[in-house]
Structure formats: C-alpha cells, structure tokens
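**Student:** The structure that follows is given in the form of structure tokens.
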Amino acid sequence: MSALAKMASSRLFWPVVMLLVLFAINLVAFPGFFEITVRDGQLFGSLIDILRNGAPTLIIAVGMTLVIATRGIDLSVGAVAAISGAVACSIILGSPDPGSLATVAVAVTVALLISLVLGVWNGFLVAVLGIQPIIATLILMTAGRGVAMLITEGQILTVNSPPFKFLGSGFWLGVPIAVIIAAVVFGLAALLTRRTALGMFIESVGINPEASRQAGVRARGLLFAVYTFCALCAAIAGLILTANTAAADANNTGLFIELDAILAVVIGGTSLAGGRYSLVGTLVGALVIQTLVTTVYTVGIPPIATMVFKAAVVTIVCLLQSPTTAEALSGFRRRLAVRSGKGVAAS
Amino acid sequence: MTKLLEAPTTNHPPRPRRGTGPARTAPTGRGRRRPLAAALGVLTSPKYGPVTVTGLLFVAIFVIGGFRYRGFFSGQVFLNLFVDNAYLIVLAVGMTFVILTGGIDLSVGAVVALSGMIAASLLQTGWSPGVVIPLILVLTSILGLLVGLMIHVFKVQPFIATLAAMFLARGLCYVISQSSISITDPTFIQLAVSRIPLGAGLSITPSVIIALVVVGIAVWVLHGTRFGRTVYAIGGGEQSGLLMGLPVARTKVLVYVISGFCSGLAGVLFTFYTLSGYPLTAIGTELDAIAAVVIGGTLLTGGYGFVLGSVLGVLVLGVIQTIITFEGTLSSWWTKIFIGALLLVFIILQKVLTARRR
C-alpha cells in the first residue's frame, strides 16, 4: 500500500481534506486569510475569528464525542446551554453589585452546578432506566427551553457586568478567553481519556455494554460520568455564548448547537454506532463547520444560505464515510489492479 | 408475529390490587374474572397499554377542563382541537410510519416551513394553486426519497440523514425569502376561511377533512396491505424481515417518502391556517410530532403502535394547549414543560410494559 493510500484510509483523511479545501477557497476569495496581526497586544485575523467563534461548538462537541462513543447521543445540550446562561444572568441581575468579580464567580459556579444536576438526570434516564439516549435527552431538550424561559420569565435578560462580558470577549496574553477555555476543556478530555484507561472503558461500553459490564467495567457509573461531563461542557459553552452578547435569551441561546456539535463529531469520523472515537477528529470537524460559516461570508454568498452548505457538507462527508462507498471504491481499485495485471501479462 | 405476542394476554392472571375495590369483593367466578383479566391484559400489553392510557388521559384532562373553566365543555372546543392541529395530525401520521420501522425523521418541521415558502412565493408570481399544491407534494416526496436512499443504500443513520434534510429545507426557505410572504390567492383564502357546518352551531374547516382522510388512508395502509405488515415487521426485527423474504429495502425507503409527502401536505394545511410563508415558522414542530407519536403509544424502537394512537397524542397536546389558554395566567412556556413531563411518563410506561413482557 502506498503512503497516499494509507493516508486515504485514515479516518481523518476526508475531514482534513475538507478543511484544506475550505482554507483554499478562502485564500482565493480573500488573500489576507492567513494573516494574523497583533493590535494592542491582542491577536486578530480570520483564523483567530474562526477559533473564537467555533469555541462553544468545539466545547460541546468534546462532551458529545464521549457520549457518542458510548453509543449514546445528547440532544439536550442546547437547552442546557440556555439554562446555564439564564441562571447566570438572573443571578447577576439579582445581585446588588453586578460588576463585582465575586458576583460573577457565584453566578458561574451556580450555573455549572445546575448543569451537573441536569447531566445526572440524563445519566439517570439512560443508565438506570435504560431509555434510549436520543429519547431520554429529547425530554430535557423539550422541557429545558421551557425551564430556561421560566428562569428568565420569558424576557431577554441583559446584564451590564464587565467581568462576565470578559468571559465571552476578553483576551488573555493576546488570545481570546473563549479559545483558552476550549483548549483547556479539550486538553482535559484528551488527557483524562487517552492517558488513562478511561477512554478504553468508554469505547468498550459503546461496543458492547453487557460484555463490558461482565468484564468488570462499571458501565453505569461511566454513563453517568459521560452525560454529566457533556452537560458541564454545554453549560460552559452556554456561559460563553451568553457572555458574548451579555444577554440571556432562553429561546435562541444555543439554538441548533446540538446539531452543529453532533455534525462536528460525525465529520470527525466518530461513528454514531459507538465504540471508536477521535477527539482530534472532533476538533477538525468543529473547525470545518466554523470555517464553512466563515467561507460563506468571505466568498460573498448571502449568509442565510449557510444552512444549505452545511447540508451539502454533511451529506458529502456521510456519503464518503459510508461503508457502501468504501466497498464500491475498493471494488473499483481491485478491478483496476486486475486490468493492469492483465496488461502486464499480455505484454 | 403480533398474534404470538398477544397470546399470553388472554391467560394473564389478574393480580389482586389495592384500590380496585369491586374486583376484590366480587365473587371470583370465571364469568366475573374474565373481563377484568382482559382489561388488565389490555392495560399491561405493550401494544394496547400506552394507547389506552393516552385515551383515558385525554378524557380525564377534558373532563377536568370542563369542570374548571366555563365554556370549555363544548363540542366546538373539542372540534377546534382538530381545526388547530390538522397539520400536526398529518405530520404525526407520517412520523408514525417512520418510527414504526425504528427510524426517526427530524426534517418534518423544516419541510413544513419550506412547502409554505414555496406555496407563498409561487402563488405571488401568479401560479395557479392547482399546480402549486401537487408540485409541493411531489417535491417533498422526492426529498423524502433522497433521505430514504441515503439511509438505506449508504447506511447513514436516520438521525443524521434527516438532519441534513432539515438543514437543506431550512436553508432553502431563507434562499427563497428572508421575510414573511403573505398569500392573497383567492382559492387559498377561500380554503382558509370557509367552515363546514355540522349542525348545532358546530363547524370544522376543510383542513380537518383532509387530515381525517389522510388518517383513514394510513390506517388502511398499515393494517390492510402487505406494505403495512412489512412496516411492522421491520420494526419488530429487520433481520427477521429480510430472512422472511420481505421487501425490506423498498419499504424502508418508501416510509421516508410517505413522511416527506405528509410533511408537504402538512405544510400546505399550515399555510391554509396562517395564509403566509415564513422561513422561521414551525421550528421545533418535529419535536411536537415525535412527542405526539410517543404519547400515542408507538414504541420508539419500532414494531408497536397505531396511527389512531398518534391522533390521540396530537389531541392530548392540543388539549393541554387549550387548557393553558383557558387558564390565562399560565405562560406559554409551561406547554413545553408539560409536554416534556408527559413524554417522560409515557417513555417510562413503555419501558415498564416492554420489560415485563421480556
């Protein structure tokens, strides 16, 4: 097998190709695409924008990857993001001193704690009651937005709190805070699951829950942990999204973000059937989605058409990764080999 | 297959239960026990249990509403459940087919919006409704066909394939127009405002008739044709269906075509209701349709369920909405919380019933 064929058979091949193609399109449409400038000690540029705007999706996608690796799915992340944003904003608004660091710390902590409870609830439905994950999390997806509206009393809560706003649009050492948070979440997940046996346990639960239980893996505890972690990721993303606009909108915070996150995971080559997962793939997938959105802007296509392009990318990636395509391709290669073999024999 | 599963129902021993007073004190002769055993059997079977509970729940909510609010207990309030939810009934019918095979269709809400947009924009440029409506139905059926092929031929999970279709449909809505387009076509307006009197001051809309016809056809297809049996068989076990020589491939693709067709029709009914096309309309309707099907007693793993159950599910959602309107002080977001809670109850009920069978 040639080096190229080996590369092409890698799970990361098509997503990376997709990303490079998108980069190339951007470079043609906007020659300064790769330029990164330093202004007031802060980094600016298209690539930085992609990283910064893609951070919430990436954070959720990391949690989603682990859930999907256990053959699950979490549809409730958008609702959890909305709830955490609503909780944080309503605490900040209700405090006598919205601008103080302590208030924001309390608000963020409470929001994250509540997300842990929501994650445990999802884990309980899946691990203890044994409900299919797609349905179990559908409940929170439907009811969660209602709960978020209950917290905000149906209004858009606008807060004026510099420390909170810093979470969404601040910089540290020139790098946007959102990117740093995403990097930390990604690094933690990678370290925890790839430097310990945890990742292998998660994969074993995804391949065969019963067999892994009999082999001594505590599948139930693992499922709880994975759904809780996913909800925590969703809450972090929700806080970043809310802080970015300094407003909690129960209806629109994190709308469709569950779909973007699942897409990122699928584009990254993690199968929805559970088992093998790739966090690097998810990173590439999240970047592909965000770059796609940016491309739509730079190329000058009306941004409203973004969803059509997303549909196209999903379809193409899914068809390329489909076993039917792989079979057809390998059959084609075999036929080519046979034909060239015949050619050699004839000469 | 269903016969085999029903068999234990008839000789299921009635368990003594607290609270069912008459049953305990009644003479335990065969004649007295059998109907009770049958009733218990119906309630605890995965096939009939959830749908019976839904029926009882609907009656209970309606009666409670009748006692609490003046003017609630009227025929027109009941008929308005159909008038307001005609499109949702059609959607739930299509979704029932898909879920019976163990699949799911997330694209229906976006397709409803898309067919509304197509209708509004084409009517605006002077097309005749007689061309526009069939065109919409054909287009949405083709979209369903593509989704079905993606799922069957390329082995893409239904969740992802229909998600792509959802993005596509929603995106196309925006491409057609970003703002609301109102419909001024006389035929559409006629269909929107006309009421069909039923006597005694009661009336329904033409949409209700269309929805009920769809329900009737769906019942016949599922219970009276070979195709319907194959749908149930695939939900019961795709591998077994294949081994029995059933046309699994064709049926699995057709189910998504049906769902696409129903979404298109629901979109047309929805435009009769709103008389406009708007790209952001019907967001989250797919969840309502799925919730109606689940509350109506269709098992999400496939194999069990009735179209009429899904209609009951829609009515339950509708009556909750009506109660919240009558209550006045309750805000609209309570609907979402109630629907979520109901979903939870019914899913746990399904779980308990199927667990006891196995």
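Ordering of the structure tokens sets the chain letters (A, B, ...), residue numbers begin anew at 1 in every chain, and ligands are numbered from 1 in the order given.
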Applying 10 Å and only C-alpha atoms, which residues near segment 231-239 of chain B remain after dropping the ones on its own chain fewer than 6 positions away? List them as an MDAnalysis selection string.
**Tutor:** chainID B and resid 1:2 97:103 221:223 245:249 251:252 254:255 299:305
**Student:** Compute the chain B side of the contact with chain A at 6 Å, counting only C-alpha atoms, and hand it back as a PyMOL selection string.
**Tutor:** chain B and resi 154+164+167-168+171+174+333+336-337+340
**Student:** Find the residue from A:Phe124, A:Phe13, A:Phe229, A:Phe23 that sits nearest to Val293 of chain A; use only C-alpha atoms when measuring.
**Tutor:**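 The closest residue to Val293 of chain A is A:Phe23.
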**Student:** Can you tell me which residues surround Tyr69 of chain B at a distance of at most 12 Å, considering only C-alpha atoms, apart from same-chain residues fewer than 2 positions away, and format the answer as a ChimeraX atom specification?
**Tutor:** /B:61-67,71-74,77,322-328
**Student:** To one decimal place in Å, what is the distance between atom CA of Ala88 of chain A and atom CA of Leu188 of chain A?
**Tutor:**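 Taking atom CA of Ala88 of chain A as the start and atom CA of Leu188 of chain A as the end point, the length is 23.9 Å.
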**Student:** Just asking: which residues within segment 174-290 of chain A are helix (DSSP H, G or I) according to DSSP, as a PyMOL selection string?
**Tutor:** chain A and resi 177-194+198-207+209-214+219-245+257-267+279-290
